[in-house]
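Peer 1: Please find my_file-v5.pdb (PDB, C-alpha atoms, pLDDT in the B column) on the next line:
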```
ATOM      1  CA  MET A   1      15.502 -12.232  -3.555  1.00 97.00           C
ATOM      2  CA  ARG A   2      11.852 -12.635  -2.585  1.00 98.00           C
ATOM      3  CA  ILE A   3      10.216  -9.189  -2.810  1.00 98.00           C
ATOM      4  CA  GLY A   4       6.851  -8.130  -1.434  1.00 98.00           C
ATOM      5  CA  ILE A   5       5.299  -5.405  -3.583  1.00 98.00           C
ATOM      6  CA  PHE A   6       3.256  -3.135  -1.327  1.00 98.00           C
ATOM      7  CA  GLY A   7       1.586  -0.841  -3.831  1.00 94.00           C
ATOM      8  CA  GLY A   8      -0.855   1.905  -3.087  1.00 93.00           C
ATOM      9  CA  VAL A   9      -1.757   5.547  -3.235  1.00 94.00           C
ATOM     10  CA  PHE A  10      -0.092   6.299   0.147  1.00 96.00           C
ATOM     11  CA  ASN A  11      -2.376   9.293   0.596  1.00 96.00           C
ATOM     12  CA  PRO A  12      -0.945   9.618   3.229  1.00 97.00           C
ATOM     13  CA  PRO A  13       1.370   6.779   4.276  1.00 98.00           C
ATOM     14  CA  HIS A  14       0.780   5.767   7.893  1.00 98.00           C
ATOM     15  CA  LEU A  15       1.866   3.513  10.731  1.00 97.00           C
ATOM     16  CA  GLY A  16      -0.526   0.798   9.562  1.00 96.00           C
ATOM     17  CA  HIS A  17       1.620   0.443   6.427  1.00 97.00           C
ATOM     18  CA  LEU A  18       4.702  -0.077   8.596  1.00 97.00           C
ATOM     19  CA  MET A  19       2.827  -2.511  10.834  1.00 97.00           C
ATOM     20  CA  ILE A  20       1.818  -4.608   7.823  1.00 97.00           C
ATOM     21  CA  ALA A  21       5.343  -4.548   6.352  1.00 98.00           C
ATOM     22  CA  ARG A  22       6.932  -5.592   9.665  1.00 98.00           C
ATOM     23  CA  GLN A  23       4.616  -8.568  10.044  1.00 98.00           C
ATOM     24  CA  VAL A  24       4.974  -9.701   6.432  1.00 98.00           C
ATOM     25  CA  LEU A  25       8.744  -9.742   6.976  1.00 98.00           C
ATOM     26  CA  ASP A  26       8.313 -11.558  10.305  1.00 98.00           C
ATOM     27  CA  PHE A  27       5.789 -14.209   9.292  1.00 98.00           C
ATOM     28  CA  THR A  28       6.581 -15.039   5.631  1.00 98.00           C
ATOM     29  CA  ASP A  29       9.612 -15.880   3.522  1.00 98.00           C
ATOM     30  CA  ILE A  30       9.523 -12.422   1.889  1.00 98.00           C
ATOM     31  CA  GLU A  31      12.942 -10.840   2.317  1.00 98.00           C
ATOM     32  CA  GLU A  32      12.257  -7.223   1.358  1.00 98.00           C
ATOM     33  CA  ILE A  33       9.188  -5.004   1.012  1.00 98.00           C
ATOM     34  CA  TRP A  34       8.954  -2.415  -1.748  1.00 98.00           C
ATOM     35  CA  PHE A  35       6.577   0.440  -0.925  1.00 98.00           C
ATOM     36  CA  LEU A  36       5.370   1.388  -4.395  1.00 97.00           C
ATOM     37  CA  PRO A  37       3.370   4.632  -4.566  1.00 96.00           C
ATOM     38  CA  ASN A  38       1.292   4.851  -7.711  1.00 93.00           C
ATOM     39  CA  TYR A  39       1.786   7.589 -10.271  1.00 92.00           C
ATOM     40  CA  GLY A  40      -1.776   8.648 -10.771  1.00 76.00           C
ATOM     41  CA  GLN A  41      -5.436   7.832 -10.456  1.00 64.00           C
ATOM     42  CA  HIS A  42      -7.776   7.316 -13.384  1.00 53.00           C
ATOM     43  CA  PRO A  43      -9.981   9.182 -13.158  1.00 52.00           C
ATOM     44  CA  PRO A  44      -8.120  11.693 -10.959  1.00 58.00           C
ATOM     45  CA  LYS A  45      -9.654  12.171  -7.520  1.00 67.00           C
ATOM     46  CA  PRO A  46      -9.652  15.598  -5.864  1.00 70.00           C
ATOM     47  CA  HIS A  47      -8.635  14.292  -2.421  1.00 83.00           C
ATOM     48  CA  VAL A  48      -5.431  12.656  -3.727  1.00 91.00           C
ATOM     49  CA  ALA A  49      -2.294  14.678  -2.981  1.00 93.00           C
ATOM     50  CA  PRO A  50       0.108  15.296  -5.875  1.00 93.00           C
ATOM     51  CA  VAL A  51       2.476  12.411  -6.629  1.00 94.00           C
ATOM     52  CA  ALA A  52       5.518  14.425  -5.495  1.00 95.00           C
ATOM     53  CA  ASP A  53       3.964  14.904  -2.045  1.00 96.00           C
ATOM     54  CA  ARG A  54       2.890  11.262  -1.729  1.00 97.00           C
ATOM     55  CA  LEU A  55       6.366  10.069  -2.724  1.00 97.00           C
ATOM     56  CA  ALA A  56       8.066  12.473  -0.316  1.00 98.00           C
ATOM     57  CA  MET A  57       5.861  11.243   2.538  1.00 98.00           C
ATOM     58  CA  THR A  58       6.298   7.566   1.618  1.00 98.00           C
ATOM     59  CA  LYS A  59      10.066   8.009   1.940  1.00 98.00           C
ATOM     60  CA  TYR A  60       9.431   8.576   5.667  1.00 97.00           C
ATOM     61  CA  LEU A  61       8.229   4.960   6.015  1.00 96.00           C
ATOM     62  CA  LYS A  62      11.640   3.823   7.185  1.00 91.00           C
ATOM     63  CA  MET A  63      12.220   0.377   8.562  1.00 95.00           C
ATOM     64  CA  SER A  64      14.831  -2.319   8.085  1.00 97.00           C
ATOM     65  CA  GLY A  65      13.886  -4.593   5.203  1.00 98.00           C
ATOM     66  CA  THR A  66      11.888  -1.963   3.303  1.00 98.00           C
ATOM     67  CA  VAL A  67      12.624   0.387   0.419  1.00 98.00           C
ATOM     68  CA  VAL A  68      10.561   2.903  -1.517  1.00 98.00           C
ATOM     69  CA  SER A  69      10.358   2.046  -5.199  1.00 97.00           C
ATOM     70  CA  THR A  70       9.650   4.742  -7.786  1.00 97.00           C
ATOM     71  CA  LEU A  71       9.185   2.198 -10.559  1.00 96.00           C
ATOM     72  CA  GLU A  72       5.585   3.152 -11.274  1.00 95.00           C
ATOM     73  CA  ILE A  73       6.217   6.888 -10.908  1.00 96.00           C
ATOM     74  CA  ASP A  74       9.329   6.873 -13.103  1.00 96.00           C
ATOM     75  CA  ARG A  75       7.459   5.086 -15.884  1.00 96.00           C
ATOM     76  CA  LYS A  76       4.264   7.131 -15.368  1.00 94.00           C
ATOM     77  CA  LEU A  77       2.175   3.974 -15.200  1.00 93.00           C
ATOM     78  CA  ASP A  78      -1.594   4.181 -14.870  1.00 88.00           C
ATOM     79  CA  GLY A  79      -1.953   2.448 -11.487  1.00 87.00           C
ATOM     80  CA  ASN A  80      -3.144  -0.880 -12.913  1.00 90.00           C
ATOM     81  CA  THR A  81      -0.972  -3.593 -11.385  1.00 92.00           C
ATOM     82  CA  ILE A  82      -1.076  -5.675 -14.562  1.00 94.00           C
ATOM     83  CA  ASN A  83       0.829  -2.867 -16.348  1.00 93.00           C
ATOM     84  CA  LEU A  84       3.511  -2.829 -13.645  1.00 95.00           C
ATOM     85  CA  LEU A  85       4.491  -6.488 -13.978  1.00 96.00           C
ATOM     86  CA  PRO A  86       6.558  -6.199 -17.213  1.00 96.00           C
ATOM     87  CA  HIS A  87       8.700  -3.532 -15.495  1.00 96.00           C
ATOM     88  CA  LEU A  88       9.697  -5.654 -12.479  1.00 96.00           C
ATOM     89  CA  PRO A  89      13.352  -6.747 -12.650  1.00 95.00           C
ATOM     90  CA  PRO A  90      13.337 -10.478 -13.535  1.00 94.00           C
ATOM     91  CA  LYS A  91      16.161 -11.331 -11.127  1.00 95.00           C
ATOM     92  CA  HIS A  92      13.710 -11.404  -8.169  1.00 97.00           C
ATOM     93  CA  SER A  93      10.510 -13.254  -7.307  1.00 97.00           C
ATOM     94  CA  TYR A  94       7.523 -11.132  -6.349  1.00 98.00           C
ATOM     95  CA  THR A  95       4.386 -11.306  -4.237  1.00 98.00           C
ATOM     96  CA  PHE A  96       1.805  -8.522  -4.233  1.00 98.00           C
ATOM     97  CA  ILE A  97       0.634  -7.493  -0.749  1.00 98.00           C
ATOM     98  CA  MET A  98      -3.010  -6.454  -0.530  1.00 96.00           C
ATOM     99  CA  GLY A  99      -5.315  -5.610   2.364  1.00 95.00           C
ATOM    100  CA  ALA A 100      -8.445  -7.721   2.866  1.00 96.00           C
ATOM    101  CA  ASP A 101     -10.507  -4.547   2.393  1.00 93.00           C
ATOM    102  CA  TRP A 102      -9.853  -4.894  -1.381  1.00 93.00           C
ATOM    103  CA  LEU A 103     -11.203  -8.462  -1.612  1.00 96.00           C
ATOM    104  CA  PRO A 104     -14.933  -7.716  -2.100  1.00 94.00           C
ATOM    105  CA  GLY A 105     -14.297  -5.516  -5.147  1.00 93.00           C
ATOM    106  CA  PHE A 106     -11.265  -7.319  -6.525  1.00 95.00           C
ATOM    107  CA  THR A 107     -12.971  -8.747  -9.610  1.00 94.00           C
ATOM    108  CA  THR A 108     -14.642  -5.438 -10.500  1.00 93.00           C
ATOM    109  CA  LYS A 109     -11.948  -2.881  -9.580  1.00 91.00           C
ATOM    110  CA  TRP A 110      -8.724  -4.615 -10.682  1.00 92.00           C
ATOM    111  CA  SER A 111      -8.013  -4.631 -14.424  1.00 90.00           C
ATOM    112  CA  HIS A 112      -7.385  -8.053 -15.914  1.00 94.00           C
ATOM    113  CA  TRP A 113      -7.658  -9.631 -12.461  1.00 95.00           C
ATOM    114  CA  GLU A 114      -7.587 -13.237 -13.707  1.00 96.00           C
ATOM    115  CA  GLU A 115      -4.465 -12.660 -15.785  1.00 96.00           C
ATOM    116  CA  LEU A 116      -2.914 -10.805 -12.847  1.00 96.00           C
ATOM    117  CA  LEU A 117      -3.491 -13.757 -10.521  1.00 97.00           C
ATOM    118  CA  ASN A 118      -1.876 -16.061 -13.085  1.00 97.00           C
ATOM    119  CA  GLN A 119       1.255 -13.895 -13.139  1.00 97.00           C
ATOM    120  CA  ILE A 120       1.872 -12.976  -9.489  1.00 97.00           C
ATOM    121  CA  PRO A 121       0.826 -14.426  -6.125  1.00 98.00           C
ATOM    122  CA  PHE A 122      -1.098 -12.210  -3.712  1.00 98.00           C
ATOM    123  CA  LEU A 123      -0.581 -12.129   0.043  1.00 98.00           C
ATOM    124  CA  ILE A 124      -3.737 -10.894   1.748  1.00 98.00           C
ATOM    125  CA  PHE A 125      -3.312  -9.011   5.015  1.00 98.00           C
ATOM    126  CA  PRO A 126      -6.368  -9.004   7.343  1.00 97.00           C
ATOM    127  CA  ARG A 127      -7.919  -5.597   8.069  1.00 93.00           C
ATOM    128  CA  GLY A 128     -10.024  -4.696  11.086  1.00 89.00           C
ATOM    129  CA  GLY A 129     -13.707  -4.670  10.168  1.00 89.00           C
ATOM    130  CA  TYR A 130     -13.310  -6.583   6.880  1.00 92.00           C
ATOM    131  CA  ALA A 131     -13.930 -10.226   5.984  1.00 94.00           C
ATOM    132  CA  ASN A 132     -10.969 -12.265   4.766  1.00 95.00           C
ATOM    133  CA  ALA A 133     -12.983 -13.434   1.763  1.00 94.00           C
ATOM    134  CA  PRO A 134     -13.433 -14.110  -1.016  1.00 95.00           C
ATOM    135  CA  LEU A 135      -9.968 -15.540  -1.644  1.00 97.00           C
ATOM    136  CA  TYR A 136      -9.205 -16.358  -5.266  1.00 96.00           C
ATOM    137  CA  LYS A 137      -6.683 -18.693  -6.896  1.00 95.00           C
ATOM    138  CA  ASN A 138      -3.088 -17.643  -6.082  1.00 97.00           C
ATOM    139  CA  MET A 139      -4.161 -15.629  -3.013  1.00 98.00           C
ATOM    140  CA  THR A 140      -2.919 -16.540   0.463  1.00 98.00           C
ATOM    141  CA  LEU A 141      -4.209 -15.042   3.695  1.00 98.00           C
ATOM    142  CA  LEU A 142      -1.473 -14.082   6.152  1.00 98.00           C
ATOM    143  CA  GLU A 143      -2.246 -15.903   9.386  1.00 97.00           C
ATOM    144  CA  HIS A 144      -0.165 -16.157  12.540  1.00 97.00           C
ATOM    145  CA  THR A 145      -0.989 -16.393  16.242  1.00 97.00           C
ATOM    146  CA  SER A 146       1.028 -13.201  16.894  1.00 98.00           C
ATOM    147  CA  LEU A 147      -0.480 -11.214  13.989  1.00 97.00           C
ATOM    148  CA  MET A 148      -1.824  -7.773  14.906  1.00 97.00           C
ATOM    149  CA  ILE A 149      -4.367  -6.014  12.722  1.00 95.00           C
ATOM    150  CA  SER A 150      -5.865  -2.535  12.809  1.00 92.00           C
ATOM    151  CA  ASN A 151      -8.318  -0.319  11.007  1.00 91.00           C
ATOM    152  CA  ILE A 152      -5.911   2.617  10.543  1.00 94.00           C
ATOM    153  CA  SER A 153      -6.638   4.056   7.115  1.00 93.00           C
ATOM    154  CA  SER A 154      -5.492   6.933   4.954  1.00 95.00           C
ATOM    155  CA  THR A 155      -9.146   7.935   4.524  1.00 94.00           C
ATOM    156  CA  LYS A 156      -9.622   8.364   8.279  1.00 95.00           C
ATOM    157  CA  ILE A 157      -6.308  10.200   8.627  1.00 97.00           C
ATOM    158  CA  ARG A 158      -7.262  12.648   5.851  1.00 96.00           C
ATOM    159  CA  GLU A 159     -10.599  13.242   7.562  1.00 96.00           C
ATOM    160  CA  ARG A 160      -8.873  13.934  10.892  1.00 96.00           C
ATOM    161  CA  ALA A 161      -6.475  16.363   9.174  1.00 95.00           C
ATOM    162  CA  ARG A 162      -9.406  18.088   7.434  1.00 94.00           C
ATOM    163  CA  GLN A 163     -11.109  18.543  10.811  1.00 94.00           C
ATOM    164  CA  GLY A 164      -7.921  19.918  12.373  1.00 93.00           C
ATOM    165  CA  LEU A 165      -7.561  16.885  14.671  1.00 95.00           C
ATOM    166  CA  SER A 166      -4.167  15.456  15.567  1.00 96.00           C
ATOM    167  CA  ILE A 167      -2.841  12.694  13.329  1.00 97.00           C
ATOM    168  CA  ASP A 168       0.399  12.281  15.292  1.00 97.00           C
ATOM    169  CA  ALA A 169      -0.505   8.842  16.709  1.00 97.00           C
ATOM    170  CA  PHE A 170      -1.229   7.419  13.243  1.00 98.00           C
ATOM    171  CA  VAL A 171       1.617   8.567  10.983  1.00 98.00           C
ATOM    172  CA  PRO A 172       5.393   8.809  11.347  1.00 97.00           C
ATOM    173  CA  PRO A 173       6.348  12.198  12.896  1.00 97.00           C
ATOM    174  CA  ALA A 174       7.948  13.383   9.649  1.00 98.00           C
ATOM    175  CA  VAL A 175       4.718  12.644   7.736  1.00 98.00           C
ATOM    176  CA  ALA A 176       2.648  14.673  10.228  1.00 97.00           C
ATOM    177  CA  THR A 177       5.114  17.556   9.898  1.00 97.00           C
ATOM    178  CA  TYR A 178       5.041  17.327   6.092  1.00 98.00           C
ATOM    179  CA  ILE A 179       1.230  17.376   5.985  1.00 97.00           C
ATOM    180  CA  LYS A 180       1.091  20.445   8.254  1.00 95.00           C
ATOM    181  CA  LYS A 181       3.899  22.277   6.452  1.00 96.00           C
ATOM    182  CA  HIS A 182       2.336  21.745   3.004  1.00 95.00           C
ATOM    183  CA  GLY A 183      -1.280  22.229   4.108  1.00 93.00           C
ATOM    184  CA  LEU A 184      -2.383  18.864   2.746  1.00 95.00           C
ATOM    185  CA  TYR A 185      -5.889  17.501   3.311  1.00 94.00           C
ATOM    186  CA  ARG A 186      -7.215  20.712   4.880  1.00 87.00           C
ATOM    187  CA  SER A 187      -9.976  21.322   2.367  1.00 71.00           C
TER
END
```
Now, as a test, write the supplied structure out as structure tokens.

Peer 2:
Amino acid sequence: MRIGIFGGVFNPPHLGHLMIARQVLDFTDIEEIWFLPNYGQHPPKPHVAPVADRLAMTKYLKMSGTVVSTLEIDRKLDGNTINLLPHLPPKHSYTFIMGADWLPGFTTKWSHWEELLNQIPFLIFPRGGYANAPLYKNMTLLEHTSLMISNISSTKIRERARQGLSIDAFVPPAVATYIKKHGLYRS
């Protein structure tokens, strides 16, 4: 099976994640998307919700053709994609899905980026307000005449929640309820 690895902090997961997953399934040969919340951040960041909360919310990203993988959480990996690769079941082929917003800092923020690109292809999804460059070896930009992009971001959603503004139009209803019930992102 051809799997798209959609890794991230998911702090919180939002409708933009579902929008990306739907279009990757529609416009590529990827057969299934694995939402893969990371275990931790090094160094830890104060605005990142605990892993249990991020996983619980990510499970509300429900759509045909997607699953939530706890591979990184179960193995308590450090968030570096290169360290995830040996743990991927060899019976599948994998592509890592990344937003174009990560491209400018890819060579400085991703550990062992050259080795990573030699081991797994990257599918780059355009993001509103970001250039689709630079593209490196083994990176492909997702392009299609019916592709829809947005600038929905977890950062903006957290800021709205902190200000007491509604986030209902940007996250699945169960995620909005979870954030309110657990008082996430209020301070």

Peer 1: Using only C-alpha atoms for the distances, tell me which of A:Thr95, A:Thr81, A:Asn11, A:Thr28 is nearest to Glu114 of chain A.

Peer 2: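 That would be A:Thr81, the residue with the smallest distance to Glu114 of chain A.
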
Peer 1: Of the candidates A:Asp78, A:Ser64, A:His47, A:Ile149, which one gets nearest to Arg186 of chain A if we count all atoms listed in the file?

Peer 2: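 Of all the options, A:His47 lies closest to Arg186 of chain A.
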
Peer 1: Figure out the distance between atom CA of Trp110 of chain A and atom CA of Phe35 of chain A, please, to one decimal in Å.

Peer 2: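 Atom-to-atom, atom CA of Phe35 of chain A and atom CA of Trp110 of chain A are spaced 18.8 Å apart.
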
Peer 1: Within 7 Å of (4.1, 6.4, 6.9) (coordinates as in the file), grab all the protein and nucleic acid residues, counting all atoms listed in the file, and write them out as a list in words.

Peer 2: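 Those residues lying close to the given coordinates are Pro13, His14, Leu15, His17, Leu18, Met57, Thr58, Tyr60, Leu61, Val171, Pro172 and Val175 of chain A.
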
Peer 1: Could those selected residues go to a file with C-alpha atoms, as a PDB file, in the coordinates of the input?

Peer 2:
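Output below, filename again-v4.pdb:
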```
ATOM      1  CA  PRO A  13       1.370   6.779   4.276  1.00 98.00           C
ATOM      2  CA  HIS A  14       0.780   5.767   7.893  1.00 98.00           C
ATOM      3  CA  LEU A  15       1.866   3.513  10.731  1.00 97.00           C
ATOM      4  CA  HIS A  17       1.620   0.443   6.427  1.00 97.00           C
ATOM      5  CA  LEU A  18       4.702  -0.077   8.596  1.00 97.00           C
ATOM      6  CA  MET A  57       5.861  11.243   2.538  1.00 98.00           C
ATOM      7  CA  THR A  58       6.298   7.566   1.618  1.00 98.00           C
ATOM      8  CA  TYR A  60       9.431   8.576   5.667  1.00 97.00           C
ATOM      9  CA  LEU A  61       8.229   4.960   6.015  1.00 96.00           C
ATOM     10  CA  VAL A 171       1.617   8.567  10.983  1.00 98.00           C
ATOM     11  CA  PRO A 172       5.393   8.809  11.347  1.00 97.00           C
ATOM     12  CA  VAL A 175       4.718  12.644   7.736  1.00 98.00           C
TER      13      VAL A 175
END
```

Peer 1: Between A:Leu116, A:Thr108, A:Ala49, A:Lys180, single out the one closest to Pro86 of chain A, counting all atoms listed in the file.

Peer 2: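 Among the listed residues, the smallest separation from Pro86 of chain A belongs to A:Leu116.
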
Peer 1: Give as JSON, numbers by chain the residues that the PyMOL selection byres ((chain A and resi 88) around 12) matches when applied to the coordinates above.

Peer 2: {"A": [3, 4, 5, 34, 36, 69, 70, 71, 72, 75, 81, 82, 83, 84, 85, 86, 87, 89, 90, 91, 92, 93, 94, 95, 96, 119, 120]}

Peer 1: To one decimal in Å, tell me the separation between atom CA of Ile20 of chain A and atom CA of Leu165 of chain A.

Peer 2: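 Taking atom CA of Ile20 of chain A as the start and atom CA of Leu165 of chain A as the end point, the length is 24.4 Å.
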
Peer 1: Atom CA of Ala131 of chain A to atom CA of Ile167 of chain A: how many Å, to one decimal?

Peer 2: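 Those two atoms sit 26.5 Å apart.
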
Peer 1: Select, from A:Val9, A:Leu25, A:Ile124, A:Ala174, the residue with the minimum atom-to-atom distance to Gly40 of chain A, counting all atoms listed in the file.

Peer 2: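 Checking each candidate against Gly40 of chain A, we get A:Val9 as the closest.
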
Peer 1: In the coordinate frame of the file, compute which residues have an atom within 7 Å of (-10.6, -2.2, 7.7) when using only C-alpha atoms, and state them as a CSV table (one decimal) with C-alpha atoms, in the frame of the given file.

Peer 2:
```csv
chain,number,residue,atom,x,y,z
A,101,ASP,CA,-10.5,-4.5,2.4
A,127,ARG,CA,-7.9,-5.6,8.1
A,128,GLY,CA,-10.0,-4.7,11.1
A,129,GLY,CA,-13.7,-4.7,10.2
A,130,TYR,CA,-13.3,-6.6,6.9
A,150,SER,CA,-5.9,-2.5,12.8
A,151,ASN,CA,-8.3,-0.3,11.0
```

Peer 1: Hey, could you patch up segment 14-38 of chain A with N, CA and C atoms and hand it over as a compact mmCIF listing (two decimals), in the coordinates of the input?

Peer 2:
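Output file selection-v7.txt follows:
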```
# COMPACT_ATOMS: atom_id res chain seq x y z
N HIS A 14 1.05 5.73 6.45
CA HIS A 14 0.78 5.77 7.89
C HIS A 14 1.42 4.58 8.61
N LEU A 15 1.26 4.56 9.92
CA LEU A 15 1.87 3.51 10.73
C LEU A 15 1.28 2.13 10.45
N GLY A 16 0.05 2.07 9.96
CA GLY A 16 -0.53 0.80 9.56
C GLY A 16 0.26 0.16 8.43
N HIS A 17 0.78 0.97 7.51
CA HIS A 17 1.62 0.44 6.43
C HIS A 17 2.89 -0.19 7.00
N LEU A 18 3.50 0.48 7.97
CA LEU A 18 4.70 -0.08 8.60
C LEU A 18 4.38 -1.35 9.38
N MET A 19 3.24 -1.35 10.05
CA MET A 19 2.83 -2.51 10.83
C MET A 19 2.64 -3.73 9.93
N ILE A 20 2.02 -3.52 8.78
CA ILE A 20 1.82 -4.61 7.82
C ILE A 20 3.17 -5.10 7.32
N ALA A 21 4.03 -4.17 6.89
CA ALA A 21 5.34 -4.55 6.35
C ALA A 21 6.15 -5.35 7.38
N ARG A 22 6.17 -4.90 8.62
CA ARG A 22 6.93 -5.59 9.66
C ARG A 22 6.47 -7.04 9.80
N GLN A 23 5.15 -7.23 9.82
CA GLN A 23 4.62 -8.57 10.04
C GLN A 23 4.77 -9.46 8.82
N VAL A 24 4.71 -8.90 7.63
CA VAL A 24 4.97 -9.70 6.43
C VAL A 24 6.41 -10.20 6.48
N LEU A 25 7.34 -9.33 6.86
CA LEU A 25 8.74 -9.74 6.98
C LEU A 25 8.93 -10.78 8.08
N ASP A 26 8.19 -10.64 9.17
CA ASP A 26 8.31 -11.56 10.30
C ASP A 26 7.70 -12.93 10.05
N PHE A 27 6.58 -12.98 9.35
CA PHE A 27 5.79 -14.21 9.29
C PHE A 27 5.73 -14.88 7.91
N THR A 28 6.53 -14.40 6.95
CA THR A 28 6.58 -15.04 5.63
C THR A 28 8.05 -15.20 5.22
N ASP A 29 8.25 -15.76 4.04
CA ASP A 29 9.61 -15.88 3.52
C ASP A 29 10.01 -14.68 2.65
N ILE A 30 9.19 -13.65 2.62
CA ILE A 30 9.52 -12.42 1.89
C ILE A 30 10.71 -11.76 2.58
N GLU A 31 11.69 -11.39 1.77
CA GLU A 31 12.94 -10.84 2.32
C GLU A 31 13.00 -9.32 2.32
N GLU A 32 12.23 -8.69 1.44
CA GLU A 32 12.26 -7.22 1.36
C GLU A 32 10.90 -6.74 0.87
N ILE A 33 10.46 -5.62 1.41
CA ILE A 33 9.19 -5.00 1.01
C ILE A 33 9.51 -3.75 0.20
N TRP A 34 8.86 -3.63 -0.95
CA TRP A 34 8.95 -2.42 -1.75
C TRP A 34 7.65 -1.64 -1.60
N PHE A 35 7.71 -0.48 -0.93
CA PHE A 35 6.58 0.44 -0.92
C PHE A 35 6.56 1.08 -2.31
N LEU A 36 5.45 0.96 -3.01
CA LEU A 36 5.37 1.39 -4.39
C LEU A 36 4.20 2.36 -4.58
N PRO A 37 4.45 3.66 -4.35
CA PRO A 37 3.37 4.63 -4.57
C PRO A 37 2.99 4.69 -6.04
N ASN A 38 1.69 4.79 -6.31
CA ASN A 38 1.29 4.85 -7.71
C ASN A 38 1.48 6.26 -8.27
```
